[in-house]
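Heads up, my_file.pdb below (PDB, C-alpha atoms, pLDDT in the B column):
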ATOM      1  CA  MET D   1       3.770 -20.631   9.673  1.00 90.00           C
ATOM      2  CA  HIS D   2       1.937 -17.301   9.867  1.00 95.00           C
ATOM      3  CA  VAL D   3       1.338 -14.225   7.716  1.00 96.00           C
ATOM      4  CA  ILE D   4       1.943 -10.494   8.048  1.00 96.00           C
ATOM      5  CA  ALA D   5       0.283  -7.867   5.892  1.00 97.00           C
ATOM      6  CA  ALA D   6       0.167  -4.198   4.952  1.00 97.00           C
ATOM      7  CA  GLY D   7      -2.099  -2.196   2.666  1.00 98.00           C
ATOM      8  CA  LEU D   8      -2.419   1.240   1.110  1.00 98.00           C
ATOM      9  CA  THR D   9      -4.874   3.044  -1.140  1.00 98.00           C
ATOM     10  CA  ASN D  10      -4.507   6.173  -3.245  1.00 97.00           C
ATOM     11  CA  VAL D  11      -6.940   8.242  -5.299  1.00 96.00           C
ATOM     12  CA  GLY D  12      -4.577   8.324  -8.283  1.00 96.00           C
ATOM     13  CA  LEU D  13      -3.994  11.318 -10.530  1.00 96.00           C
ATOM     14  CA  GLN D  14      -7.187  11.531 -12.577  1.00 91.00           C
ATOM     15  CA  ARG D  15     -10.075  10.753 -10.207  1.00 90.00           C
ATOM     16  CA  GLU D  16     -11.764  13.156  -7.810  1.00 89.00           C
ATOM     17  CA  HIS D  17     -12.496  10.617  -5.099  1.00 91.00           C
ATOM     18  CA  ASN D  18     -11.412   7.149  -4.081  1.00 95.00           C
ATOM     19  CA  GLU D  19     -13.866   4.283  -4.653  1.00 96.00           C
ATOM     20  CA  ASP D  20     -11.427   1.586  -3.479  1.00 97.00           C
ATOM     21  CA  SER D  21     -11.407   0.044  -0.024  1.00 97.00           C
ATOM     22  CA  PHE D  22      -9.267  -2.497   1.786  1.00 98.00           C
ATOM     23  CA  CYS D  23      -9.331  -4.352   5.088  1.00 98.00           C
ATOM     24  CA  LEU D  24      -6.624  -6.044   7.155  1.00 98.00           C
ATOM     25  CA  LEU D  25      -8.284  -8.352   9.681  1.00 97.00           C
ATOM     26  CA  GLY D  26      -5.136  -9.761  11.231  1.00 95.00           C
ATOM     27  CA  GLU D  27      -6.846 -11.643  14.048  1.00 95.00           C
ATOM     28  CA  TYR D  28      -8.527 -13.867  11.436  1.00 95.00           C
ATOM     29  CA  SER D  29      -5.691 -13.741   8.864  1.00 97.00           C
ATOM     30  CA  LEU D  30      -8.196 -12.220   6.448  1.00 98.00           C
ATOM     31  CA  PHE D  31      -7.261  -9.507   3.950  1.00 98.00           C
ATOM     32  CA  LEU D  32      -9.521  -7.806   1.401  1.00 98.00           C
ATOM     33  CA  VAL D  33      -9.490  -5.335  -1.489  1.00 98.00           C
ATOM     34  CA  ALA D  34     -12.655  -3.930  -3.106  1.00 98.00           C
ATOM     35  CA  ASP D  35     -13.046  -1.582  -6.080  1.00 97.00           C
ATOM     36  CA  GLY D  36     -16.432   0.155  -6.208  1.00 95.00           C
ATOM     37  CA  MET D  37     -18.469   1.403  -9.129  1.00 91.00           C
ATOM     38  CA  GLY D  38     -21.589   3.530  -9.509  1.00 77.00           C
ATOM     39  CA  GLY D  39     -22.519   7.175  -9.941  1.00 65.00           C
ATOM     40  CA  HIS D  40     -22.835   9.882  -7.287  1.00 61.00           C
ATOM     41  CA  ARG D  41     -20.034   8.385  -5.185  1.00 72.00           C
ATOM     42  CA  ALA D  42     -22.005   5.173  -4.732  1.00 89.00           C
ATOM     43  CA  GLY D  43     -18.928   3.161  -5.666  1.00 91.00           C
ATOM     44  CA  ASP D  44     -17.057   4.111  -2.540  1.00 93.00           C
ATOM     45  CA  VAL D  45     -20.146   3.229  -0.491  1.00 95.00           C
ATOM     46  CA  ALA D  46     -20.314  -0.216  -2.107  1.00 96.00           C
ATOM     47  CA  SER D  47     -16.623  -1.012  -1.613  1.00 97.00           C
ATOM     48  CA  ARG D  48     -16.711   0.042   2.044  1.00 97.00           C
ATOM     49  CA  MET D  49     -19.897  -1.970   2.580  1.00 97.00           C
ATOM     50  CA  ALA D  50     -18.217  -5.043   1.094  1.00 98.00           C
ATOM     51  CA  THR D  51     -15.125  -4.987   3.286  1.00 98.00           C
ATOM     52  CA  ALA D  52     -17.124  -4.033   6.382  1.00 98.00           C
ATOM     53  CA  ALA D  53     -19.771  -6.727   5.841  1.00 97.00           C
ATOM     54  CA  ILE D  54     -17.212  -9.501   5.322  1.00 97.00           C
ATOM     55  CA  ALA D  55     -15.210  -8.396   8.363  1.00 96.00           C
ATOM     56  CA  ALA D  56     -18.371  -8.198  10.488  1.00 95.00           C
ATOM     57  CA  PHE D  57     -19.398 -11.699   9.420  1.00 94.00           C
ATOM     58  CA  PHE D  58     -16.025 -13.147  10.430  1.00 93.00           C
ATOM     59  CA  ARG D  59     -16.191 -11.442  13.809  1.00 91.00           C
ATOM     60  CA  SER D  60     -19.760 -12.525  14.520  1.00 87.00           C
ATOM     61  CA  SER D  61     -19.467 -16.098  13.263  1.00 80.00           C
ATOM     62  CA  ALA D  62     -16.257 -17.118  15.030  1.00 69.00           C
ATOM     63  CA  GLY D  63     -16.793 -20.572  16.501  1.00 60.00           C
ATOM     64  CA  GLU D  64     -20.398 -20.709  15.295  1.00 58.00           C
ATOM     65  CA  ASP D  65     -22.291 -21.629  12.134  1.00 60.00           C
ATOM     66  CA  ALA D  66     -19.917 -20.548   9.386  1.00 63.00           C
ATOM     67  CA  THR D  67     -22.398 -20.330   6.512  1.00 65.00           C
ATOM     68  CA  TRP D  68     -25.783 -19.135   7.788  1.00 64.00           C
ATOM     69  CA  PRO D  69     -28.061 -18.141   6.013  1.00 72.00           C
ATOM     70  CA  PHE D  70     -26.494 -20.114   3.137  1.00 77.00           C
ATOM     71  CA  HIS D  71     -26.118 -23.879   3.066  1.00 79.00           C
ATOM     72  CA  PHE D  72     -22.870 -25.562   4.056  1.00 82.00           C
ATOM     73  CA  ASP D  73     -21.073 -27.058   1.055  1.00 84.00           C
ATOM     74  CA  THR D  74     -19.802 -30.411   2.346  1.00 86.00           C
ATOM     75  CA  SER D  75     -17.315 -30.661  -0.518  1.00 90.00           C
ATOM     76  CA  ARG D  76     -15.460 -27.635   0.870  1.00 90.00           C
ATOM     77  CA  SER D  77     -13.614 -26.946   4.110  1.00 91.00           C
ATOM     78  CA  ILE D  78     -14.973 -24.730   6.881  1.00 90.00           C
ATOM     79  CA  GLU D  79     -12.564 -21.972   5.817  1.00 93.00           C
ATOM     80  CA  GLU D  80     -13.711 -22.125   2.198  1.00 94.00           C
ATOM     81  CA  ASN D  81     -17.362 -22.059   3.211  1.00 92.00           C
ATOM     82  CA  ARG D  82     -16.731 -19.161   5.552  1.00 93.00           C
ATOM     83  CA  LEU D  83     -14.962 -17.002   2.975  1.00 95.00           C
ATOM     84  CA  ILE D  84     -17.575 -17.685   0.303  1.00 95.00           C
ATOM     85  CA  THR D  85     -20.422 -16.953   2.742  1.00 94.00           C
ATOM     86  CA  GLY D  86     -18.882 -13.653   3.824  1.00 95.00           C
ATOM     87  CA  ILE D  87     -18.655 -12.508   0.209  1.00 97.00           C
ATOM     88  CA  LYS D  88     -22.212 -13.677  -0.555  1.00 96.00           C
ATOM     89  CA  LEU D  89     -23.562 -11.813   2.474  1.00 96.00           C
ATOM     90  CA  ALA D  90     -21.768  -8.644   1.364  1.00 97.00           C
ATOM     91  CA  ASN D  91     -23.304  -9.040  -2.090  1.00 97.00           C
ATOM     92  CA  ARG D  92     -26.812  -9.388  -0.696  1.00 96.00           C
ATOM     93  CA  HIS D  93     -26.349  -6.383   1.576  1.00 96.00           C
ATOM     94  CA  ILE D  94     -25.143  -4.167  -1.275  1.00 96.00           C
ATOM     95  CA  TYR D  95     -27.909  -5.386  -3.573  1.00 96.00           C
ATOM     96  CA  ASP D  96     -30.608  -4.679  -0.976  1.00 95.00           C
ATOM     97  CA  VAL D  97     -29.333  -1.156  -0.239  1.00 94.00           C
ATOM     98  CA  SER D  98     -29.000  -0.439  -3.952  1.00 91.00           C
ATOM     99  CA  ASN D  99     -32.632  -1.373  -4.538  1.00 90.00           C
ATOM    100  CA  ARG D 100     -33.902   0.688  -1.607  1.00 90.00           C
ATOM    101  CA  SER D 101     -31.962   3.868  -2.299  1.00 84.00           C
ATOM    102  CA  ASN D 102     -32.225   6.027  -5.412  1.00 83.00           C
ATOM    103  CA  GLU D 103     -28.925   7.649  -4.499  1.00 84.00           C
ATOM    104  CA  HIS D 104     -27.144   4.303  -4.492  1.00 85.00           C
ATOM    105  CA  HIS D 105     -29.134   2.530  -7.205  1.00 87.00           C
ATOM    106  CA  GLY D 106     -26.937   0.413  -9.458  1.00 87.00           C
ATOM    107  CA  MET D 107     -23.876   0.527  -7.232  1.00 94.00           C
ATOM    108  CA  GLY D 108     -21.547  -2.431  -7.087  1.00 95.00           C
ATOM    109  CA  THR D 109     -18.020  -3.475  -6.289  1.00 97.00           C
ATOM    110  CA  THR D 110     -15.395  -6.041  -7.083  1.00 97.00           C
ATOM    111  CA  VAL D 111     -13.759  -7.906  -4.222  1.00 98.00           C
ATOM    112  CA  VAL D 112     -10.746 -10.138  -3.758  1.00 98.00           C
ATOM    113  CA  GLY D 113      -9.860 -11.702  -0.427  1.00 98.00           C
ATOM    114  CA  VAL D 114      -7.198 -13.930   1.089  1.00 98.00           C
ATOM    115  CA  LEU D 115      -7.853 -16.122   4.133  1.00 98.00           C
ATOM    116  CA  PHE D 116      -4.936 -17.983   5.729  1.00 98.00           C
ATOM    117  CA  SER D 117      -5.331 -21.039   7.959  1.00 95.00           C
ATOM    118  CA  PRO D 118      -2.222 -21.583  10.112  1.00 93.00           C
ATOM    119  CA  GLU D 119      -3.581 -24.904  11.397  1.00 93.00           C
ATOM    120  CA  LYS D 120      -4.086 -26.373   7.932  1.00 94.00           C
ATOM    121  CA  LYS D 121      -1.255 -24.427   6.303  1.00 95.00           C
ATOM    122  CA  ARG D 122      -3.596 -23.454   3.515  1.00 97.00           C
ATOM    123  CA  LEU D 123      -4.401 -20.117   1.940  1.00 98.00           C
ATOM    124  CA  TYR D 124      -7.758 -19.427   0.307  1.00 98.00           C
ATOM    125  CA  VAL D 125      -8.337 -16.815  -2.390  1.00 98.00           C
ATOM    126  CA  GLY D 126     -11.916 -15.740  -3.111  1.00 98.00           C
ATOM    127  CA  HIS D 127     -12.834 -13.149  -5.723  1.00 98.00           C
ATOM    128  CA  VAL D 128     -15.576 -11.543  -7.778  1.00 98.00           C
ATOM    129  CA  GLY D 129     -14.807  -9.061 -10.556  1.00 95.00           C
ATOM    130  CA  ASP D 130     -11.455  -7.869 -11.866  1.00 95.00           C
ATOM    131  CA  SER D 131      -9.540  -7.056  -8.690  1.00 97.00           C
ATOM    132  CA  ARG D 132      -6.645  -9.486  -8.668  1.00 97.00           C
ATOM    133  CA  CYS D 133      -4.430 -11.709  -6.554  1.00 98.00           C
ATOM    134  CA  TYR D 134      -0.823 -12.353  -7.548  1.00 98.00           C
ATOM    135  CA  ARG D 135       1.712 -14.656  -5.917  1.00 98.00           C
ATOM    136  CA  LEU D 136       5.461 -14.049  -5.887  1.00 96.00           C
ATOM    137  CA  ARG D 137       7.322 -17.298  -5.159  1.00 96.00           C
ATOM    138  CA  ARG D 138      11.103 -17.555  -5.439  1.00 94.00           C
ATOM    139  CA  GLY D 139      11.158 -14.526  -7.710  1.00 91.00           C
ATOM    140  CA  GLU D 140       8.443 -15.764 -10.085  1.00 94.00           C
ATOM    141  CA  LEU D 141       5.182 -13.817 -10.315  1.00 96.00           C
ATOM    142  CA  GLN D 142       1.940 -15.672 -11.037  1.00 97.00           C
ATOM    143  CA  LEU D 143      -1.555 -14.272 -11.515  1.00 97.00           C
ATOM    144  CA  MET D 144      -3.834 -16.419  -9.351  1.00 97.00           C
ATOM    145  CA  THR D 145      -7.259 -15.024 -10.331  1.00 97.00           C
ATOM    146  CA  ARG D 146      -9.152 -14.690 -13.605  1.00 94.00           C
ATOM    147  CA  ASP D 147     -10.853 -11.362 -14.321  1.00 93.00           C
ATOM    148  CA  HIS D 148     -14.627 -11.593 -14.628  1.00 91.00           C
ATOM    149  CA  SER D 149     -14.677  -9.325 -17.649  1.00 81.00           C
ATOM    150  CA  LEU D 150     -16.295  -9.220 -21.068  1.00 76.00           C
ATOM    151  CA  ILE D 151     -13.010  -9.729 -22.897  1.00 72.00           C
ATOM    152  CA  ASN D 152     -12.145 -12.805 -20.815  1.00 74.00           C
ATOM    153  CA  ASP D 153     -15.591 -14.294 -21.406  1.00 70.00           C
ATOM    154  CA  TYR D 154     -15.138 -13.812 -25.154  1.00 61.00           C
ATOM    155  CA  LEU D 155     -11.692 -15.413 -25.091  1.00 66.00           C
ATOM    156  CA  ILE D 156     -12.992 -18.444 -23.191  1.00 70.00           C
ATOM    157  CA  ALA D 157     -15.894 -18.885 -25.617  1.00 69.00           C
ATOM    158  CA  MET D 158     -13.796 -18.091 -28.706  1.00 69.00           C
ATOM    159  CA  PRO D 159     -10.123 -18.801 -27.979  1.00 68.00           C
ATOM    160  CA  ASP D 160      -9.244 -18.493 -31.678  1.00 71.00           C
ATOM    161  CA  LEU D 161     -10.657 -14.978 -31.994  1.00 64.00           C
ATOM    162  CA  PRO D 162      -8.465 -13.020 -34.447  1.00 70.00           C
ATOM    163  CA  ASP D 163      -6.223 -10.357 -32.928  1.00 70.00           C
ATOM    164  CA  GLU D 164      -7.964  -7.532 -34.772  1.00 69.00           C
ATOM    165  CA  GLN D 165     -11.353  -8.531 -33.306  1.00 65.00           C
ATOM    166  CA  ARG D 166      -9.813  -9.078 -29.888  1.00 62.00           C
ATOM    167  CA  ASP D 167      -8.377  -5.553 -29.941  1.00 66.00           C
ATOM    168  CA  GLU D 168     -11.845  -4.135 -30.608  1.00 64.00           C
ATOM    169  CA  LEU D 169     -13.341  -5.624 -27.431  1.00 64.00           C
ATOM    170  CA  PRO D 170     -13.814  -3.230 -24.485  1.00 66.00           C
ATOM    171  CA  ARG D 171     -11.351  -4.016 -21.712  1.00 66.00           C
ATOM    172  CA  ASN D 172     -13.126  -2.383 -18.773  1.00 72.00           C
ATOM    173  CA  VAL D 173     -16.527  -4.109 -18.846  1.00 81.00           C
ATOM    174  CA  ILE D 174     -17.053  -6.297 -15.771  1.00 85.00           C
ATOM    175  CA  THR D 175     -19.427  -9.239 -16.077  1.00 90.00           C
ATOM    176  CA  ARG D 176     -19.555 -10.171 -12.392  1.00 93.00           C
ATOM    177  CA  ALA D 177     -19.561  -7.937  -9.312  1.00 95.00           C
ATOM    178  CA  LEU D 178     -21.143  -7.648  -5.879  1.00 97.00           C
ATOM    179  CA  GLY D 179     -24.498  -5.864  -6.037  1.00 94.00           C
ATOM    180  CA  MET D 180     -25.456  -6.825  -9.604  1.00 92.00           C
ATOM    181  CA  SER D 181     -27.894  -9.535  -8.426  1.00 93.00           C
ATOM    182  CA  ASP D 182     -29.160 -10.983  -5.160  1.00 93.00           C
ATOM    183  CA  LEU D 183     -27.033 -14.073  -5.856  1.00 94.00           C
ATOM    184  CA  VAL D 184     -23.380 -14.176  -6.856  1.00 96.00           C
ATOM    185  CA  THR D 185     -20.905 -16.890  -7.815  1.00 96.00           C
ATOM    186  CA  VAL D 186     -17.621 -16.657  -5.932  1.00 97.00           C
ATOM    187  CA  ASP D 187     -14.482 -18.098  -7.513  1.00 97.00           C
ATOM    188  CA  LEU D 188     -12.231 -19.747  -4.927  1.00 97.00           C
ATOM    189  CA  ILE D 189      -8.661 -21.033  -5.101  1.00 97.00           C
ATOM    190  CA  VAL D 190      -6.966 -23.218  -2.481  1.00 97.00           C
ATOM    191  CA  GLU D 191      -3.224 -22.670  -2.097  1.00 96.00           C
ATOM    192  CA  SER D 192      -0.442 -24.500  -0.250  1.00 97.00           C
ATOM    193  CA  PRO D 193       1.704 -21.508   0.708  1.00 97.00           C
ATOM    194  CA  GLU D 194       5.440 -21.663   1.272  1.00 97.00           C
ATOM    195  CA  VAL D 195       7.552 -19.594   3.642  1.00 96.00           C
ATOM    196  CA  GLY D 196       8.693 -16.523   1.742  1.00 95.00           C
ATOM    197  CA  ASP D 197       5.663 -16.340  -0.552  1.00 96.00           C
ATOM    198  CA  VAL D 198       4.213 -12.865  -1.088  1.00 97.00           C
ATOM    199  CA  TYR D 199       0.574 -12.527  -2.149  1.00 98.00           C
ATOM    200  CA  MET D 200      -0.587  -9.209  -3.563  1.00 98.00           C
ATOM    201  CA  LEU D 201      -4.229  -8.145  -3.736  1.00 98.00           C
ATOM    202  CA  CYS D 202      -4.876  -5.109  -5.910  1.00 98.00           C
ATOM    203  CA  SER D 203      -7.487  -3.098  -7.736  1.00 97.00           C
ATOM    204  CA  ASP D 204      -7.165  -2.688 -11.493  1.00 94.00           C
ATOM    205  CA  GLY D 205      -5.812   0.811 -10.917  1.00 96.00           C
ATOM    206  CA  LEU D 206      -2.515  -0.921 -10.189  1.00 97.00           C
ATOM    207  CA  SER D 207      -2.598  -3.983 -12.443  1.00 96.00           C
ATOM    208  CA  SER D 208      -3.714  -1.996 -15.517  1.00 93.00           C
ATOM    209  CA  MET D 209      -0.935   0.578 -15.164  1.00 96.00           C
ATOM    210  CA  LEU D 210       2.071  -1.745 -14.790  1.00 96.00           C
ATOM    211  CA  THR D 211       3.314  -4.668 -16.855  1.00 95.00           C
ATOM    212  CA  ALA D 212       3.784  -8.095 -15.316  1.00 94.00           C
ATOM    213  CA  ALA D 213       7.534  -7.507 -15.269  1.00 95.00           C
ATOM    214  CA  GLU D 214       7.090  -4.156 -13.513  1.00 96.00           C
ATOM    215  CA  LEU D 215       4.765  -5.737 -10.956  1.00 96.00           C
ATOM    216  CA  ALA D 216       7.240  -8.541 -10.285  1.00 95.00           C
ATOM    217  CA  GLU D 217      10.057  -6.052  -9.820  1.00 95.00           C
ATOM    218  CA  GLY D 218       7.887  -3.899  -7.564  1.00 95.00           C
ATOM    219  CA  ILE D 219       6.679  -6.770  -5.380  1.00 95.00           C
ATOM    220  CA  ALA D 220      10.184  -8.211  -5.036  1.00 92.00           C
ATOM    221  CA  GLY D 221      10.934  -5.681  -2.306  1.00 85.00           C
ATOM    222  CA  ALA D 222       8.225  -7.259  -0.153  1.00 87.00           C
ATOM    223  CA  ALA D 223      10.025 -10.612  -0.002  1.00 82.00           C
ATOM    224  CA  GLU D 224      12.337  -9.357   2.745  1.00 81.00           C
ATOM    225  CA  GLY D 225      11.701  -5.639   3.258  1.00 84.00           C
ATOM    226  CA  GLU D 226       8.949  -3.609   4.882  1.00 92.00           C
ATOM    227  CA  LEU D 227       5.591  -4.373   3.288  1.00 96.00           C
ATOM    228  CA  ALA D 228       4.280  -0.835   3.807  1.00 96.00           C
ATOM    229  CA  ASP D 229       7.265   0.600   1.931  1.00 96.00           C
ATOM    230  CA  THR D 230       6.617  -1.763  -0.968  1.00 96.00           C
ATOM    231  CA  CYS D 231       2.936  -0.723  -1.057  1.00 97.00           C
ATOM    232  CA  ARG D 232       3.979   2.929  -1.296  1.00 97.00           C
ATOM    233  CA  SER D 233       6.506   2.134  -4.009  1.00 96.00           C
ATOM    234  CA  LEU D 234       3.980   0.205  -6.111  1.00 97.00           C
ATOM    235  CA  ILE D 235       1.426   3.009  -5.886  1.00 98.00           C
ATOM    236  CA  GLY D 236       4.124   5.517  -6.790  1.00 97.00           C
ATOM    237  CA  LYS D 237       4.997   3.511  -9.902  1.00 97.00           C
ATOM    238  CA  ALA D 238       1.332   3.363 -10.948  1.00 98.00           C
ATOM    239  CA  ASN D 239       1.022   7.122 -10.553  1.00 98.00           C
ATOM    240  CA  GLU D 240       4.216   7.659 -12.510  1.00 97.00           C
ATOM    241  CA  ALA D 241       2.647   5.584 -15.302  1.00 96.00           C
ATOM    242  CA  GLY D 242      -0.370   7.911 -15.386  1.00 96.00           C
ATOM    243  CA  GLY D 243      -2.456   7.115 -12.298  1.00 95.00           C
ATOM    244  CA  GLU D 244      -5.600   6.767 -14.390  1.00 94.00           C
ATOM    245  CA  ASP D 245      -7.678   5.133 -11.639  1.00 94.00           C
ATOM    246  CA  ASN D 246      -7.767   4.679  -7.874  1.00 96.00           C
ATOM    247  CA  ILE D 247      -4.907   2.448  -6.757  1.00 98.00           C
ATOM    248  CA  THR D 248      -5.042  -0.056  -3.902  1.00 98.00           C
ATOM    249  CA  THR D 249      -2.679  -2.823  -2.906  1.00 98.00           C
ATOM    250  CA  VAL D 250      -2.463  -5.248   0.010  1.00 98.00           C
ATOM    251  CA  LEU D 251       0.661  -7.369   0.465  1.00 98.00           C
ATOM    252  CA  VAL D 252       0.628 -10.594   2.505  1.00 97.00           C
ATOM    253  CA  ARG D 253       3.896 -12.373   3.311  1.00 97.00           C
ATOM    254  CA  VAL D 254       4.164 -15.937   4.630  1.00 96.00           C
ATOM    255  CA  GLU D 255       6.687 -16.348   7.447  1.00 95.00           C
ATOM    256  CA  GLU D 256       7.845 -19.010   9.893  1.00 90.00           C
TER     257      GLU D 256
END

Using C-alpha cells, write down the structure from this file.
Amino acid sequence: MHVIAAGLTNVGLQREHNEDSFCLLGEYSLFLVADGMGGHRAGDVASRMATAAIAAFFRSSAGEDATWPFHFDTSRSIEENRLITGIKLANRHIYDVSNRSNEHHGMGTTVVGVLFSPEKKRLYVGHVGDSRCYRLRRGELQLMTRDHSLINDYLIAMPDLPDEQRDELPRNVITRALGMSDLVTVDLIVESPEVGDVYMLCSDGLSSMLTAAELAEGIAGAAEGELADTCRSLIGKANEAGGEDNITTVLVRVEE
C-alpha cells in the first residue's frame, strides 16, 4: 500500500494575493495545506513558514529523535509524535517571528496535514484551525476534522442553541491557529486507510464555496483519474461559485 498526491492553489476571484500554501513531501508521505492570516501580506508569510518548518523538521529528524525539543508522548506512536512535533515547532517559529517583527505582528495560519505510514498501514491527520481533511471511501464523503472556530465552540458548549441565535454567530472567527500563542494544541486522527480511498486537504476557500454534495461529486474524479486534473476542476468550481477567498486543495489517493 502506498499513496500518490497532487496539489494546487489559486488566488480566487476577490483577493489581491494568495495567503495559502501547500507542500507535497512525497519521500516522507507527508502532505500539508496552510491558510494564512494577518495584515500587510503577513498571512502568506505565516503559511509558507508553517509548511516549510514542518517539512524541514521531517527532513532533519529522519531516523533521530522525533520530538525534540518537546517530550515524547508514550501513549502515541512515533509517527503521531513526529507529526504533532512538526506542527508545534512551526507554531513556535511563527510566534517568535511575529513578536520580533512589527511588519509581521499578529500573523498566523491554519494547518492540516496527512502523514502516511506504509509499514503500519496507518494514516495520521493533524490539524489546527479550519482548514479541513475529507475522506472519500466507496463514493461516500466524510469530513474527518472539526473546525476550530467560534461557532463550533458555541455548538459544543450549547448544542441546543436555537437556530435564530446560531445564525447570528460569526462563521469566520478562528479560535485556534499557529502563531496565536507559544503553545498550541494539535488535534490528531488515526486512520486505517483502504485501497481506493481519496483524502482531500483544503483551505476554507474551497470548503466554504461548495456544498458537501458538490465536494463529493468533485472529488469522485480523483478515485481513478488524474489527481492534478481533479484539483483544477475543484478550484474551477469554487471560482464559479464566487471565488471569495484563496483556494487550495491537495488530493491523496491510497493505492496498492

Inset, instruction - Would you please work out which residue, of D:Val114, D:Cys231, D:Ile174, D:Leu136, is nearest to Leu188 (chain D) when using all atoms listed in the file? - result: D:Val114

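When CA of Glu79 (chain D) is paired with CA of Val3 (chain D), their separation reads 16.0 Å.
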
Inset, instruction - Starting from the shown file, work through the PyMOL selection byres ((chain D and resi 115-124) around 8) and note down what comes out as a ChimeraX atom specification. - result: /D:1-3,28-31,79-80,83,113-114,125-126,188-193

Can you list what the PyMOL selection byres ((chain D and resi 86) around 9) grabs from this structure, as a PDB file with C-alpha atoms, in the frame of the given file?
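Dumped everything to part_29.pdb:
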ATOM      1  CA  ALA D  53     -19.771  -6.727   5.841  1.00 97.00           C
ATOM      2  CA  ILE D  54     -17.212  -9.501   5.322  1.00 97.00           C
ATOM      3  CA  ALA D  55     -15.210  -8.396   8.363  1.00 96.00           C
ATOM      4  CA  ALA D  56     -18.371  -8.198  10.488  1.00 95.00           C
ATOM      5  CA  PHE D  57     -19.398 -11.699   9.420  1.00 94.00           C
ATOM      6  CA  PHE D  58     -16.025 -13.147  10.430  1.00 93.00           C
ATOM      7  CA  ALA D  66     -19.917 -20.548   9.386  1.00 63.00           C
ATOM      8  CA  THR D  67     -22.398 -20.330   6.512  1.00 65.00           C
ATOM      9  CA  ASN D  81     -17.362 -22.059   3.211  1.00 92.00           C
ATOM     10  CA  ARG D  82     -16.731 -19.161   5.552  1.00 93.00           C
ATOM     11  CA  LEU D  83     -14.962 -17.002   2.975  1.00 95.00           C
ATOM     12  CA  ILE D  84     -17.575 -17.685   0.303  1.00 95.00           C
ATOM     13  CA  THR D  85     -20.422 -16.953   2.742  1.00 94.00           C
ATOM     14  CA  ILE D  87     -18.655 -12.508   0.209  1.00 97.00           C
ATOM     15  CA  LYS D  88     -22.212 -13.677  -0.555  1.00 96.00           C
ATOM     16  CA  LEU D  89     -23.562 -11.813   2.474  1.00 96.00           C
ATOM     17  CA  ALA D  90     -21.768  -8.644   1.364  1.00 97.00           C
ATOM     18  CA  ASN D  91     -23.304  -9.040  -2.090  1.00 97.00           C
TER      19      ASN D  91
END

Legend entry - Residue nearest Ala241 (chain D) among D:Leu13, D:Val128, D:Val33, D:His71 (counting only C-alpha atoms):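 Looking only at the distances to Ala241 (chain D), the closest residue turns out to be D:Leu13.
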
Inset, instruction - Work out how far CA of Glu16 (chain D) is from CA of Asn246 (chain D), in Å to one decimal. - result: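 Value for the CA of Asn246 (chain D)-CA of Glu16 (chain D) distance: 9.4 Å.
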
Inset, instruction - One decimal, Å: what's the distance from CA of Ala220 (chain D) over to CA of Gly242 (chain D), could you say? - result: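 About the pair CA of Ala220 (chain D) and CA of Gly242 (chain D): they are 21.9 Å apart.
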
Six-sided padding of 4 Å per side, axis-aligned box over region 199-214 of chain D, centre and edges in Å, one decimal, as JSON:
{"center_x": 0.0, "center_y": -5.9, "center_z": -9.5, "size_x": 23.0, "size_y": 21.3, "size_z": 22.7}

Inset, instruction - Go through the shown structure with the PyMOL selection byres ((chain D and resi 42) around 12) and write out the matching residues as a ChimeraX atom specification. - result: /D:17-20,35-41,43-49,94,97-98,101-109,179

Inset, instruction - Show which residues sit within 7 Å of region 204-215 of chain D, as a list in words. Count only C-alpha atoms, and ignore same-chain residues fewer than 5 positions away. - result: Asp130, Ser131, Ala238, Ala241, Glu244, Asp245, Asn246, Ile247 and Thr248 of chain D

Print the selection's residues with C-alpha atoms to a file, as a CSV table (one decimal), keeping the file's coordinate frame.
chain,number,residue,atom,x,y,z
D,130,ASP,CA,-11.5,-7.9,-11.9
D,131,SER,CA,-9.5,-7.1,-8.7
D,238,ALA,CA,1.3,3.4,-10.9
D,241,ALA,CA,2.6,5.6,-15.3
D,244,GLU,CA,-5.6,6.8,-14.4
D,245,ASP,CA,-7.7,5.1,-11.6
D,246,ASN,CA,-7.8,4.7,-7.9
D,247,ILE,CA,-4.9,2.4,-6.8
D,248,THR,CA,-5.0,-0.1,-3.9

Inset, instruction - May I ask which of the residues D:Ile78, D:Leu201, D:Val184, D:Ala216 is the closest one to Leu24 (chain D), counting all atoms listed in the file? - result: D:Leu201
